$ cat work_35.txt   # compact mmCIF, C-alpha atoms
# COMPACT_ATOMS: atom_id res chain seq x y z
CA MET A 25 35.31 4.72 1.32
CA THR A 26 33.13 2.55 3.56
CA HIS A 27 29.56 1.54 2.83
CA ALA A 28 28.29 3.92 5.52
CA GLU A 29 30.18 6.85 4.02
CA ARG A 30 28.98 6.09 0.53
CA HIS A 31 25.44 5.73 1.83
CA ARG A 32 25.70 9.10 3.61
CA LEU A 33 27.00 10.81 0.50
CA LEU A 34 24.30 9.26 -1.66
CA VAL A 35 21.53 10.21 0.74
CA GLU A 36 22.78 13.76 1.10
CA ALA A 37 23.08 14.17 -2.65
CA LEU A 38 19.52 12.90 -3.13
CA ALA A 39 18.20 15.05 -0.29
CA ALA A 40 19.91 18.05 -1.86
CA ALA A 41 18.26 17.32 -5.19
CA ILE A 42 14.78 16.76 -3.81
CA ARG A 43 11.77 18.79 -4.85
CA PRO A 44 8.03 18.13 -4.63
CA VAL A 45 6.46 15.77 -7.14
CA ARG A 46 2.83 15.28 -8.05
CA PRO A 47 1.87 11.66 -7.36
CA LEU A 48 0.10 9.75 -10.10
CA TRP A 49 -3.67 9.86 -10.00
CA PRO A 50 -5.31 6.63 -8.84
CA VAL A 51 -5.77 3.90 -11.44
CA ARG A 52 -9.55 4.31 -11.36
CA ALA A 53 -9.39 8.02 -12.11
CA ARG A 54 -6.99 7.52 -15.00
CA LEU A 55 -9.04 4.62 -16.33
CA GLY A 56 -12.16 6.79 -16.12
CA LEU A 57 -10.48 9.49 -18.19
CA TRP A 58 -9.38 6.98 -20.77
CA LEU A 59 -12.90 5.57 -21.02
CA LEU A 60 -14.17 9.11 -21.49
CA LEU A 61 -11.82 9.47 -24.44
CA GLU A 62 -13.11 6.16 -25.85
CA ALA A 63 -16.69 7.40 -25.35
CA LEU A 64 -15.86 10.47 -27.44
CA VAL A 65 -14.44 8.25 -30.19
CA LEU A 66 -17.59 6.12 -29.97
CA LEU A 67 -19.76 9.22 -30.40
CA TRP A 68 -17.72 10.21 -33.42
CA VAL A 69 -18.09 6.71 -34.95
CA ALA A 70 -21.82 6.64 -34.22
CA ALA A 71 -22.28 10.03 -35.87
CA HIS A 72 -20.36 9.11 -39.01
CA THR A 73 -21.37 5.51 -39.74
CA GLY A 74 -23.83 4.31 -42.33
CA ASN A 75 -24.32 1.12 -40.33
CA ASP A 76 -27.74 0.69 -38.74
CA PHE A 77 -26.15 -0.34 -35.46
CA VAL A 78 -29.10 0.81 -33.35
CA ARG A 79 -31.34 -1.80 -34.96
CA LYS A 80 -28.57 -4.42 -34.76
CA LEU A 81 -28.06 -3.76 -31.05
CA GLY A 82 -31.56 -5.21 -30.62
CA HIS A 83 -30.02 -8.62 -31.41
CA PRO A 84 -28.55 -9.99 -28.18
CA ASP A 85 -25.63 -11.72 -29.94
CA TYR A 86 -24.46 -8.55 -31.64
CA ALA A 87 -24.91 -6.41 -28.53
CA LEU A 88 -23.14 -8.97 -26.38
CA GLU A 89 -20.26 -9.19 -28.85
CA VAL A 90 -19.70 -5.42 -28.74
CA ILE A 91 -20.01 -5.36 -24.94
CA LEU A 92 -17.60 -8.28 -24.47
CA PHE A 93 -14.87 -6.68 -26.57
CA ALA A 94 -15.34 -3.31 -24.86
CA ALA A 95 -15.19 -5.02 -21.46
CA ALA A 96 -12.02 -6.92 -22.43
CA ALA A 97 -10.49 -3.62 -23.58
CA THR A 98 -11.41 -1.94 -20.29
CA LEU A 99 -9.82 -4.76 -18.31
CA ALA A 100 -6.68 -4.54 -20.44
CA ALA A 101 -6.50 -0.78 -19.85
CA MET A 102 -6.82 -1.31 -16.12
CA LEU A 103 -4.01 -3.88 -16.21
CA ALA A 104 -1.82 -1.50 -18.22
CA LEU A 105 -2.33 1.31 -15.71
CA ARG A 106 -1.63 -1.02 -12.82
CA LEU A 107 1.54 -2.28 -14.46
CA ALA A 108 2.79 1.30 -14.48
CA ILE A 109 3.04 1.24 -10.70
CA PRO A 110 5.90 -0.73 -9.13
CA GLY A 111 4.63 -3.48 -6.87
CA ARG A 112 1.14 -3.56 -8.43
CA ARG A 113 0.78 -6.71 -10.47
CA ALA A 114 -1.50 -7.60 -13.34
CA GLY A 115 -4.00 -9.90 -11.64
CA PRO A 116 -4.04 -13.33 -13.29
CA ARG A 117 -7.81 -13.47 -12.83
CA GLU A 118 -8.36 -10.23 -14.72
CA LEU A 119 -5.96 -11.36 -17.43
CA ALA A 120 -7.75 -14.69 -17.77
CA LEU A 121 -11.12 -12.97 -17.78
CA SER A 122 -10.16 -10.60 -20.58
CA ILE A 123 -8.89 -13.52 -22.69
CA VAL A 124 -12.13 -15.45 -22.06
CA LEU A 125 -14.18 -12.39 -23.05
CA VAL A 126 -12.27 -12.09 -26.33
CA LEU A 127 -12.71 -15.80 -27.05
CA ILE A 128 -16.45 -15.69 -26.39
CA GLY A 129 -16.74 -12.52 -28.47
CA THR A 130 -14.88 -14.22 -31.33
CA ALA A 131 -17.17 -17.26 -31.06
CA LEU A 132 -20.17 -14.94 -31.29
CA VAL A 133 -18.74 -13.35 -34.45
CA LEU A 134 -18.35 -16.81 -35.97
CA ALA A 135 -21.83 -17.87 -34.91
CA GLY A 136 -23.50 -14.66 -36.10
CA GLU A 137 -23.56 -15.35 -39.84
CA PRO A 138 -22.36 -18.16 -42.10
CA ILE A 139 -18.83 -17.69 -43.44
CA ARG A 140 -18.86 -16.54 -47.05
CA THR A 141 -15.88 -17.70 -49.08
CA GLY A 142 -16.98 -16.74 -52.57
CA TYR A 143 -15.75 -13.13 -52.44
CA PRO A 144 -13.96 -11.80 -55.49
CA LEU A 145 -10.42 -11.32 -54.17
CA GLY A 146 -10.19 -7.72 -55.34
CA GLU A 147 -13.35 -6.72 -53.48
CA PHE A 148 -12.29 -8.64 -50.37
CA LEU A 149 -8.96 -6.83 -50.31
CA HIS A 150 -10.28 -3.42 -51.30
CA VAL A 151 -13.00 -3.34 -48.64
CA GLY A 152 -10.89 -5.14 -46.08
CA ILE A 153 -7.80 -2.95 -46.23
CA GLY A 154 -9.97 0.09 -45.65
CA CYS A 155 -11.43 -1.57 -42.54
CA ALA A 156 -7.98 -2.56 -41.26
CA LEU A 157 -6.83 1.04 -41.67
CA GLN A 158 -9.91 2.31 -39.87
CA THR A 159 -9.20 -0.09 -37.01
CA CYS A 160 -5.72 1.42 -36.72
CA ILE A 161 -7.04 4.97 -36.91
CA LEU A 162 -9.70 4.39 -34.26
CA ALA A 163 -7.09 2.84 -31.96
CA ALA A 164 -4.40 5.47 -32.52
CA LEU A 165 -5.50 8.25 -30.18
CA PRO A 166 -6.57 5.98 -27.27
CA TRP A 167 -3.34 4.00 -27.68
CA MET A 168 -1.22 7.12 -27.51
CA ALA A 169 -3.15 8.43 -24.51
CA LEU A 170 -2.81 5.15 -22.63
CA TRP A 171 0.84 4.73 -23.58
CA TRP A 172 1.53 8.21 -22.26
CA ALA A 173 -0.36 7.45 -19.03
CA VAL A 174 1.60 4.22 -18.53
CA LYS A 175 4.90 5.86 -19.41
CA ARG A 176 4.32 8.51 -16.73
CA GLY A 177 4.51 5.70 -14.21
CA ALA A 178 7.40 3.29 -13.83
CA PRO A 179 6.46 0.02 -15.55
CA MET A 180 8.76 -2.76 -14.46
CA ARG A 181 7.61 -5.14 -17.22
CA GLY A 182 7.72 -3.28 -20.49
CA ALA A 183 6.40 -6.08 -22.69
CA ALA A 184 3.38 -6.74 -20.47
CA ALA A 185 2.63 -3.03 -20.18
CA GLY A 186 2.96 -2.61 -23.95
CA LEU A 187 0.76 -5.63 -24.66
CA SER A 188 -1.93 -4.45 -22.25
CA THR A 189 -1.83 -0.94 -23.70
CA GLY A 190 -2.14 -2.29 -27.24
CA ALA A 191 -4.86 -4.76 -26.29
CA ALA A 192 -6.90 -2.05 -24.60
CA ALA A 193 -6.79 0.37 -27.52
CA LEU A 194 -7.20 -2.24 -30.24
CA LEU A 195 -9.91 -4.34 -28.65
CA PHE A 196 -11.89 -1.17 -28.12
CA ALA A 197 -11.24 -0.23 -31.73
CA PHE A 198 -12.56 -3.67 -32.70
CA ALA A 199 -15.76 -3.02 -30.75
CA LEU A 200 -16.06 0.40 -32.39
CA MET A 201 -15.56 -1.14 -35.82
CA ARG A 202 -18.43 -3.53 -35.13
CA ILE A 203 -20.53 -0.41 -34.71
CA GLY A 204 -18.99 1.50 -37.59
CA CYS A 205 -18.67 -1.21 -40.25
CA PRO A 206 -21.88 -2.49 -41.87
CA ILE A 207 -20.31 -5.85 -42.80
CA ASP A 208 -21.00 -8.64 -40.28
CA GLU A 209 -19.64 -11.53 -42.32
CA PRO A 210 -17.21 -13.48 -40.06
CA LEU A 211 -14.35 -13.86 -42.57
CA HIS A 212 -14.28 -10.10 -43.13
CA VAL A 213 -14.58 -9.31 -39.44
CA LEU A 214 -11.89 -11.75 -38.35
CA THR A 215 -9.47 -10.98 -41.20
CA TRP A 216 -9.77 -7.23 -41.37
CA HIS A 217 -10.91 -6.21 -37.91
CA LEU A 218 -9.59 -8.75 -35.43
CA LEU A 219 -6.36 -9.84 -37.11
CA PRO A 220 -4.95 -6.30 -37.47
CA ALA A 221 -5.93 -5.66 -33.86
CA LEU A 222 -4.02 -8.74 -32.70
CA VAL A 223 -0.97 -7.99 -34.86
CA LEU A 224 -0.81 -4.40 -33.63
CA THR A 225 -1.23 -5.56 -30.05
CA ALA A 226 1.81 -7.81 -30.49
CA LEU A 227 3.75 -4.87 -31.98
CA SER A 228 2.72 -2.73 -29.04
CA GLY A 229 4.18 -5.41 -26.76
CA LEU A 230 7.45 -5.27 -28.68
CA ALA A 231 7.48 -1.50 -28.49
CA GLY A 232 6.83 -1.77 -24.77
CA THR A 233 9.90 -3.95 -24.34
CA ALA A 234 12.03 -1.31 -25.98
CA TRP A 235 10.51 1.96 -24.79
CA LEU A 236 8.03 1.48 -21.99
CA ARG A 237 10.10 -0.24 -19.36
CA PHE A 238 11.25 1.99 -16.53
CA ARG A 239 14.95 2.73 -16.70
CA PRO A 240 16.41 5.16 -14.22
CA ARG A 241 17.90 8.18 -15.93
CA GLY A 242 21.06 10.06 -15.10
CA GLN A 243 24.36 8.77 -13.89
CA ARG A 244 25.37 7.19 -10.67
CA LEU A 245 27.24 9.06 -8.03
CA MET B 15 9.81 -21.97 24.60
CA THR B 16 6.06 -22.63 24.78
CA ASN B 17 3.68 -22.20 21.87
CA GLY B 18 1.99 -19.37 23.76
CA SER B 19 5.15 -17.31 24.14
CA ALA B 20 6.17 -17.97 20.54
CA ALA B 21 2.77 -16.75 19.36
CA GLY B 22 3.11 -13.72 21.62
CA MET B 23 6.52 -12.88 20.17
CA LYS B 24 5.18 -13.25 16.66
CA LYS B 25 2.37 -10.84 17.53
CA VAL B 26 4.85 -8.29 18.86
CA ASP B 27 7.01 -8.81 15.77
CA ASP B 28 4.03 -8.29 13.47
CA ALA B 29 3.01 -5.17 15.35
CA ARG B 30 6.54 -3.77 15.05
CA ARG B 31 6.65 -4.58 11.36
CA LEU B 32 3.30 -2.89 10.82
CA GLU B 33 4.41 0.18 12.72
CA ARG B 34 7.65 0.35 10.73
CA SER B 35 5.73 -0.03 7.49
CA ARG B 36 3.35 2.81 8.46
CA MET B 37 6.26 5.02 9.40
CA ARG B 38 7.98 4.36 6.07
CA ALA B 39 4.77 5.07 4.14
CA HIS B 40 4.37 8.34 6.02
CA LEU B 41 7.97 9.34 5.31
CA MET B 42 7.47 8.50 1.64
CA GLU B 43 4.46 10.78 1.46
CA ARG B 44 6.54 13.60 2.96
CA LEU B 45 9.36 12.80 0.55
CA GLN B 46 6.91 13.22 -2.34
CA GLN B 47 6.15 16.68 -0.97
CA GLY B 48 9.83 17.57 -1.19
CA ASP B 49 10.79 17.13 2.47
CA ALA B 50 14.57 16.58 2.55
CA ASP B 51 14.56 15.40 6.19
CA ALA B 52 11.96 12.75 5.39
CA CYS B 53 14.14 11.71 2.45
CA ARG B 54 17.14 11.23 4.75
CA LEU B 55 15.14 9.37 7.39
CA LEU B 56 13.48 7.08 4.88
CA LEU B 57 16.62 6.22 2.94
CA ASP B 58 18.53 5.59 6.18
CA ASN B 59 15.68 3.36 7.32
CA VAL B 60 15.40 1.27 4.16
CA GLY B 61 19.16 1.08 3.52
CA PRO B 62 19.81 -2.06 5.60
CA ALA B 63 16.78 -3.81 4.10
CA VAL B 64 18.02 -3.03 0.59
CA THR B 65 21.48 -4.35 1.46
CA ARG B 66 19.96 -7.58 2.82
CA PHE B 67 17.84 -7.86 -0.30
CA LEU B 68 20.90 -7.58 -2.52
CA ARG B 69 23.00 -10.16 -0.69
CA GLY B 70 22.62 -13.42 -2.55
CA ARG B 71 21.15 -11.69 -5.56
CA VAL B 72 24.24 -9.90 -6.84
CA ALA B 73 27.96 -10.57 -6.46
CA SER B 74 29.29 -9.12 -3.21
CA ASP B 75 31.73 -6.81 -5.01
CA GLU B 76 28.82 -5.32 -6.95
CA VAL B 77 26.43 -4.72 -4.09
CA GLU B 78 27.56 -1.11 -3.73
CA ASP B 79 26.91 -0.31 -7.39
CA VAL B 80 23.44 -1.84 -7.40
CA TYR B 81 22.63 -0.26 -4.04
CA GLN B 82 23.30 3.16 -5.53
CA GLU B 83 21.30 2.39 -8.64
CA ILE B 84 18.35 1.29 -6.54
CA PHE B 85 18.37 4.51 -4.53
CA MET B 86 18.54 6.58 -7.70
CA ALA B 87 15.64 4.58 -9.17
CA LEU B 88 13.58 4.99 -6.00
CA PHE B 89 14.21 8.69 -6.16
CA GLN B 90 13.22 8.98 -9.79
CA ALA B 91 10.10 6.84 -9.44
CA ARG B 92 8.93 8.51 -6.23
CA HIS B 93 5.88 10.03 -7.91
CA THR B 94 4.53 6.52 -8.58
CA TYR B 95 4.17 5.59 -4.93
CA GLU B 96 0.48 5.52 -3.98
CA ALA B 97 -0.21 7.17 -0.66
CA GLY B 98 -1.88 4.90 1.88
CA ARG B 99 -0.38 1.71 0.47
CA PRO B 100 2.50 -0.15 2.12
CA LEU B 101 5.85 1.05 0.82
CA GLU B 102 7.65 -2.29 0.80
CA PRO B 103 6.06 -3.92 -2.30
CA TRP B 104 6.76 -0.72 -4.25
CA LEU B 105 10.30 -0.47 -2.93
CA PHE B 106 11.27 -4.09 -3.56
CA ALA B 107 9.64 -4.18 -7.00
CA ILE B 108 12.00 -1.39 -8.00
CA ALA B 109 14.95 -3.06 -6.25
CA ARG B 110 14.20 -6.35 -8.03
CA ASN B 111 13.98 -4.56 -11.36
CA VAL B 112 17.30 -2.78 -10.90
CA ALA B 113 19.02 -5.96 -9.70
CA ALA B 114 17.64 -7.90 -12.68
CA ASP B 115 18.82 -5.19 -15.07
CA HIS B 116 22.23 -5.29 -13.48
CA SER B 117 22.43 -9.08 -13.82
CA ARG B 118 21.41 -8.85 -17.47
CA ARG B 119 24.05 -6.22 -18.17
CA ARG B 120 26.65 -8.26 -16.33
CA TRP B 121 25.73 -11.39 -18.29
CA ALA B 122 25.86 -9.49 -21.57
CA ARG B 123 29.21 -7.96 -20.64
CA ALA B 124 30.61 -11.36 -19.67
CA SER B 125 29.41 -12.89 -22.95
CA TRP B 126 30.94 -10.04 -24.91
CA GLU B 127 34.24 -10.30 -23.08
CA GLU B 128 34.32 -14.01 -23.82
CA LEU B 129 33.89 -13.25 -27.50
CA THR B 130 36.42 -10.39 -27.55
CA PRO B 131 39.27 -11.17 -25.17
CA ASP B 132 41.15 -8.00 -26.18
CA LEU B 133 38.58 -5.34 -25.49
CA PRO B 134 39.41 -1.85 -26.67
CA GLU B 135 39.86 0.67 -23.92
CA ARG B 136 36.59 2.34 -23.01
CA ALA B 137 36.27 5.97 -22.09
CA ALA B 138 35.38 6.31 -18.44
CA GLY B 139 31.69 6.93 -17.81
CA ASP B 140 30.46 6.18 -21.33
CA SER B 141 28.68 3.01 -20.32
CA PRO B 142 25.74 2.66 -17.95
CA ALA B 143 27.66 -0.23 -16.37
CA ALA B 144 30.77 1.86 -15.67
CA PRO B 145 31.96 1.54 -12.08
CA PRO B 146 30.52 4.20 -9.79
CA ASP B 147 32.78 7.07 -8.88
CA ILE B 148 31.54 9.01 -5.93
CA GLU B 149 34.71 10.99 -5.46
CA GLY B 150 34.75 11.57 -9.18
CA LEU B 151 31.38 13.25 -9.11
CA LEU B 152 32.34 15.58 -6.30
CA SER B 153 35.64 16.29 -7.99
CA ARG B 154 33.71 17.55 -11.00
CA LEU B 155 32.28 20.36 -8.91
CA PRO B 156 34.33 23.54 -8.55
CA ALA B 157 36.46 23.41 -5.38
CA ALA B 158 34.48 26.10 -3.59
CA GLN B 159 31.17 24.34 -4.24
CA ARG B 160 32.59 20.97 -3.25
CA GLU B 161 33.88 22.41 -0.01
CA ALA B 162 30.53 24.09 0.76
CA PHE B 163 28.60 20.85 0.11
CA ALA B 164 30.99 18.74 2.16
CA MET B 165 30.98 21.09 5.14
CA LEU B 166 27.19 21.50 5.25
CA LYS B 167 26.03 18.04 4.24
CA LEU B 168 28.78 15.63 5.13
CA ASP B 169 30.34 17.28 8.16
CA GLY B 170 27.01 18.68 9.37
CA MET B 171 28.45 22.13 10.10
CA THR B 172 26.24 25.17 10.63
CA LEU B 173 26.16 27.86 7.97
CA GLU B 174 28.04 30.25 10.20
CA ALA B 175 30.78 27.75 11.08
CA ALA B 176 31.18 26.67 7.47
CA ALA B 177 31.32 30.27 6.27
CA GLY B 178 33.94 31.01 8.92
CA ARG B 179 36.09 28.10 7.84
CA ALA B 180 35.78 29.00 4.15
CA GLY B 181 36.51 32.64 4.95
CA VAL B 182 33.42 33.97 3.19
CA SER B 183 30.10 35.49 4.23
CA VAL B 184 27.12 33.27 5.08
CA GLY B 185 25.35 34.55 1.96
CA ALA B 186 28.28 33.63 -0.29
CA LEU B 187 28.45 30.16 1.24
CA LYS B 188 24.72 29.70 0.66
CA VAL B 189 25.19 30.59 -3.00
CA ARG B 190 28.03 28.07 -3.33
CA ALA B 191 25.99 25.33 -1.67
CA HIS B 192 22.98 26.11 -3.85
CA ARG B 193 25.12 25.85 -6.98
CA ALA B 194 26.52 22.54 -5.75
CA TYR B 195 22.98 21.16 -5.22
CA LYS B 196 21.98 22.34 -8.66
CA ALA B 197 24.96 20.63 -10.28
CA LEU B 198 24.32 17.43 -8.34
CA ARG B 199 20.63 17.47 -9.28
CA LYS B 200 21.60 17.73 -12.92
CA LEU B 201 24.02 14.81 -12.62
CA ILE B 202 21.49 12.67 -10.79
CA GLY B 203 18.92 13.39 -13.47
CA GLY B 204 16.15 14.27 -11.04
CA GLU B 205 14.73 16.98 -13.28
CA GLY B 206 11.65 16.35 -15.35
CA ASP B 207 9.92 14.07 -12.86
CA GLY B 208 6.33 14.59 -12.12
CA GLY B 209 3.03 12.88 -11.48

$ encode --input "work_35.txt" --output "structure tokens"
Amino acid sequence: MTHAERHRLLVEALAAAIRPVRPLWPVRARLGLWLLLEALVLLWVAAHTGNDFVRKLGHPDYALEVILFAAAATLAAMLALRLAIPGRRAGPRELALSIVLVLIGTALVLAGEPIRTGYPLGEFLHVGIGCALQTCILAALPWMALWWAVKRGAPMRGAAAGLSTGAAALLFAFALMRIGCPIDEPLHVLTWHLLPALVLTALSGLAGTAWLRFRPRGQRL
Amino acid sequence: MTNGSAAGMKKVDDARRLERSRMRAHLMERLQQGDADACRLLLDNVGPAVTRFLRGRVASDEVEDVYQEIFMALFQARHTYEAGRPLEPWLFAIARNVAADHSRRRWARASWEELTPDLPERAAGDSPAAPPDIEGLLSRLPAAQREAFAMLKLDGMTLEAAAGRAGVSVGALKVRAHRAYKALRKLIGGEGDGG
């Protein structure tokens, strides 16, 4: 069979199988919906925390720290949604900007209070593990929602899409934990808030490699 | 050739390219709406570009396989095309992805064959890298359906002429063709797509 004949057969088979599809919503619309979900989680955290975050937000360093992490998360979510569309690339500028925001935010955490090393280990672990779990819980729903949104597209780079998805959900969870957790001590924040977020982001990247990358289904003609 | 005429030709070339790109984008939008004619026109239009893209990227004896895979991938990812944007970056991102996947599979297969010179016989069709079998797919359809599909879609016959040749009523031929499309759709895996 010649190339032209095979092409004809392929085209006719595809034309015979065609039916209307609903195109993906624009990235901005999907990002807006995701931010709405994060806003709902934020409301829930604000309603259930014993942390006096309203007073703390009066301190520019604290407010800036929360804003920087939320902004980095928003950028990561935008990159993830873009990566779901073939031919749309993650902009290196946006990627660099989100990394810079996280680094500045981390520097602000370190500069906020002196590091306290004299914790009893049991207390450090007991309080910390609870915070790490809360970080995971706060990230779970937004992560699933964003993963689903990315998976509905056709990500060509699974690892990058997975990393961006994880970074978006977990950096936002970090920002939410700064609002929800009354402890501002840097060692606690970095060990039990930021470290789990980074580890889970890496795992999300691995999961993306395995399950997020677009692979055409079905069999060839 | 003067610089002026070269610049003029480039302008004409750019204008043609732009026009072609607009036409493809328009056809893609119609394809998303389920227009089979737009599907045919678009795939016929991009076919040569895809072939050119593959030459030099995959071994010449494998171009046909990858070409098919690319078309299937384009079809399955059609809901991800954003209306109003040029089609080509979307199209070639998918083509690049499929070609890269193919190269990876080929490399893995070659490494495995090096390690196991006496490979056990593999059941046909149980690997994603199995050679394509166009005739095989059609042969899996019942004879009546295969005949109906071939007459209507490959030979371009009218319903009446095809029904006359098959010796059945137009309605019966329509039913056969519909069943053939349904079976093909299932095999292609086009179900479950959606924005």

$ closest_residue --input "work_35.txt" --among "A:Cys155, A:Ile207, A:Met180, A:Ile161" --to "chain B" --atoms "only C-alpha atoms"
A:Met180

$ atom_distance --input "work_35.txt" --atom1 "CA of Leu195 (chain A)" --atom2 "CA of Leu211 (chain A)"
17.4 Å

$ residues_around --input "work_35.txt" --residues "Ala163 (chain A)" --least-positions-apart "3" --cutoff "6 Å" --atoms "only C-alpha atoms" --output "MDAnalysis selection string"
chainID A and resid 160 166:167 193:194 197

$ closest_residue --input "work_35.txt" --among "B:Leu151, B:Leu68, B:Met171, B:Ala21" --to "chain A" --atoms "all atoms listed in the file"
B:Leu151

$ interface_residues --input "work_35.txt" --of "chain A" --to "chain B" --cutoff "12 Å" --atoms "all atoms listed in the file" --output "number ranges by chain"
A: 25-51, 54, 105-113, 172-182, 237-245

$ closest_residue --input "work_35.txt" --among "A:Ala183, A:Tyr86, A:Ala101, A:Leu222" --to "Asp208 (chain A)" --atoms "all atoms listed in the file"
A:Tyr86

$ atom_distance --input "work_35.txt" --atom1 "CA of Leu224 (chain A)" --atom2 "CA of Gly190 (chain A)"
6.9 Å

$ atom_distance --input "work_35.txt" --atom1 "CA of Ala192 (chain A)" --atom2 "CA of Gly74 (chain A)"
25.3 Å

$ residues_around --input "work_35.txt" --residues "Trp68 (chain A)" --least-positions-apart "6" --cutoff "12 Å" --atoms "all atoms listed in the file" --output "list in words"
Leu61, Glu62, Leu162, Leu200, Met201, Ile203 and Gly204 of chain A

$ axis_aligned_box --input "work_35.txt" --around "region 27-31 of chain B" --padding-each-side "4 Å" --output "JSON"
{"center_x": 5.0, "center_y": -6.3, "center_z": 13.6, "size_x": 12.0, "size_y": 13.0, "size_z": 12.4}

$ closest_residue --input "work_35.txt" --among "B:Val182, B:Arg154, B:Arg99, B:Val72" --to "Arg118 (chain B)" --atoms "only C-alpha atoms"
B:Val72

$ residues_around --input "work_35.txt" --residues "Gly152 (chain A)" --least-positions-apart "2" --cutoff "9 Å" --atoms "all atoms listed in the file" --output "PyMOL selection string"
chain A and resi 147-150+154-157+212-213+215-217

$ residues_around --input "work_35.txt" --residues "Thr225 (chain A)" --least-positions-apart "4" --cutoff "8 Å" --atoms "all atoms listed in the file" --output "ChimeraX atom specification"
/A:186-191,194,221,229

$ closest_residue --input "work_35.txt" --among "B:Ala124, B:Leu32, B:Met165, B:Ala63" --to "Gly178 (chain B)" --atoms "only C-alpha atoms"
B:Met165

$ closest_residue --input "work_35.txt" --among "A:Arg202, A:Leu170, A:Ile139, A:Ser122" --to "Leu81 (chain A)" --atoms "only C-alpha atoms"
A:Arg202

$ build_atoms --input "work_35.txt" --residues "region 168-184 of chain B" --atoms "N, CA and C atoms" --output "mmCIF file, keeping the file's coordinate frame"
data_model
loop_
_atom_site.group_PDB
_atom_site.id
_atom_site.type_symbol
_atom_site.label_atom_id
_atom_site.label_comp_id
_atom_site.auth_asym_id
_atom_site.auth_seq_id
_atom_site.Cartn_x
_atom_site.Cartn_y
_atom_site.Cartn_z
ATOM 1 N N LEU B 168 28.053 16.816 4.667
ATOM 2 C CA LEU B 168 28.780 15.630 5.130
ATOM 3 C C LEU B 168 29.299 15.812 6.556
ATOM 4 N N ASP B 169 29.824 17.037 6.813
ATOM 5 C CA ASP B 169 30.340 17.280 8.160
ATOM 6 C C ASP B 169 29.270 17.810 9.096
ATOM 7 N N GLY B 170 28.120 18.209 8.537
ATOM 8 C CA GLY B 170 27.010 18.680 9.370
ATOM 9 C C GLY B 170 27.283 20.002 10.064
ATOM 10 N N MET B 171 28.133 20.844 9.462
ATOM 11 C CA MET B 171 28.450 22.130 10.100
ATOM 12 C C MET B 171 27.305 23.113 9.911
ATOM 13 N N THR B 172 27.238 24.103 10.787
ATOM 14 C CA THR B 172 26.240 25.170 10.630
ATOM 15 C C THR B 172 26.720 26.107 9.536
ATOM 16 N N LEU B 173 25.790 26.899 9.037
ATOM 17 C CA LEU B 173 26.160 27.860 7.970
ATOM 18 C C LEU B 173 27.249 28.808 8.446
ATOM 19 N N GLU B 174 27.091 29.271 9.670
ATOM 20 C CA GLU B 174 28.040 30.250 10.200
ATOM 21 C C GLU B 174 29.434 29.639 10.317
ATOM 22 N N ALA B 175 29.478 28.409 10.886
ATOM 23 C CA ALA B 175 30.780 27.750 11.080
ATOM 24 C C ALA B 175 31.440 27.466 9.739
ATOM 25 N N ALA B 176 30.625 26.993 8.778
ATOM 26 C CA ALA B 176 31.180 26.670 7.470
ATOM 27 C C ALA B 176 31.684 27.931 6.781
ATOM 28 N N ALA B 177 30.902 29.019 6.902
ATOM 29 C CA ALA B 177 31.320 30.270 6.270
ATOM 30 C C ALA B 177 32.625 30.767 6.899
ATOM 31 N N GLY B 178 32.729 30.605 8.227
ATOM 32 C CA GLY B 178 33.940 31.010 8.920
ATOM 33 C C GLY B 178 35.138 30.225 8.426
ATOM 34 N N ARG B 179 34.952 28.928 8.281
ATOM 35 C CA ARG B 179 36.090 28.100 7.840
ATOM 36 C C ARG B 179 36.493 28.443 6.401
ATOM 37 N N ALA B 180 35.466 28.691 5.553
ATOM 38 C CA ALA B 180 35.780 29.000 4.150
ATOM 39 C C ALA B 180 36.267 30.430 3.992
ATOM 40 N N GLY B 181 36.059 31.251 5.010
ATOM 41 C CA GLY B 181 36.510 32.640 4.950
ATOM 42 C C GLY B 181 35.633 33.499 4.055
ATOM 43 N N VAL B 182 34.349 33.154 3.991
ATOM 44 C CA VAL B 182 33.420 33.970 3.190
ATOM 45 C C VAL B 182 32.201 34.306 4.037
ATOM 46 N N SER B 183 31.316 35.143 3.499
ATOM 47 C CA SER B 183 30.100 35.490 4.230
ATOM 48 C C SER B 183 29.115 34.317 4.157
ATOM 49 N N VAL B 184 28.143 34.335 5.082
ATOM 50 C CA VAL B 184 27.120 33.270 5.080
ATOM 51 C C VAL B 184 26.383 33.261 3.754
#
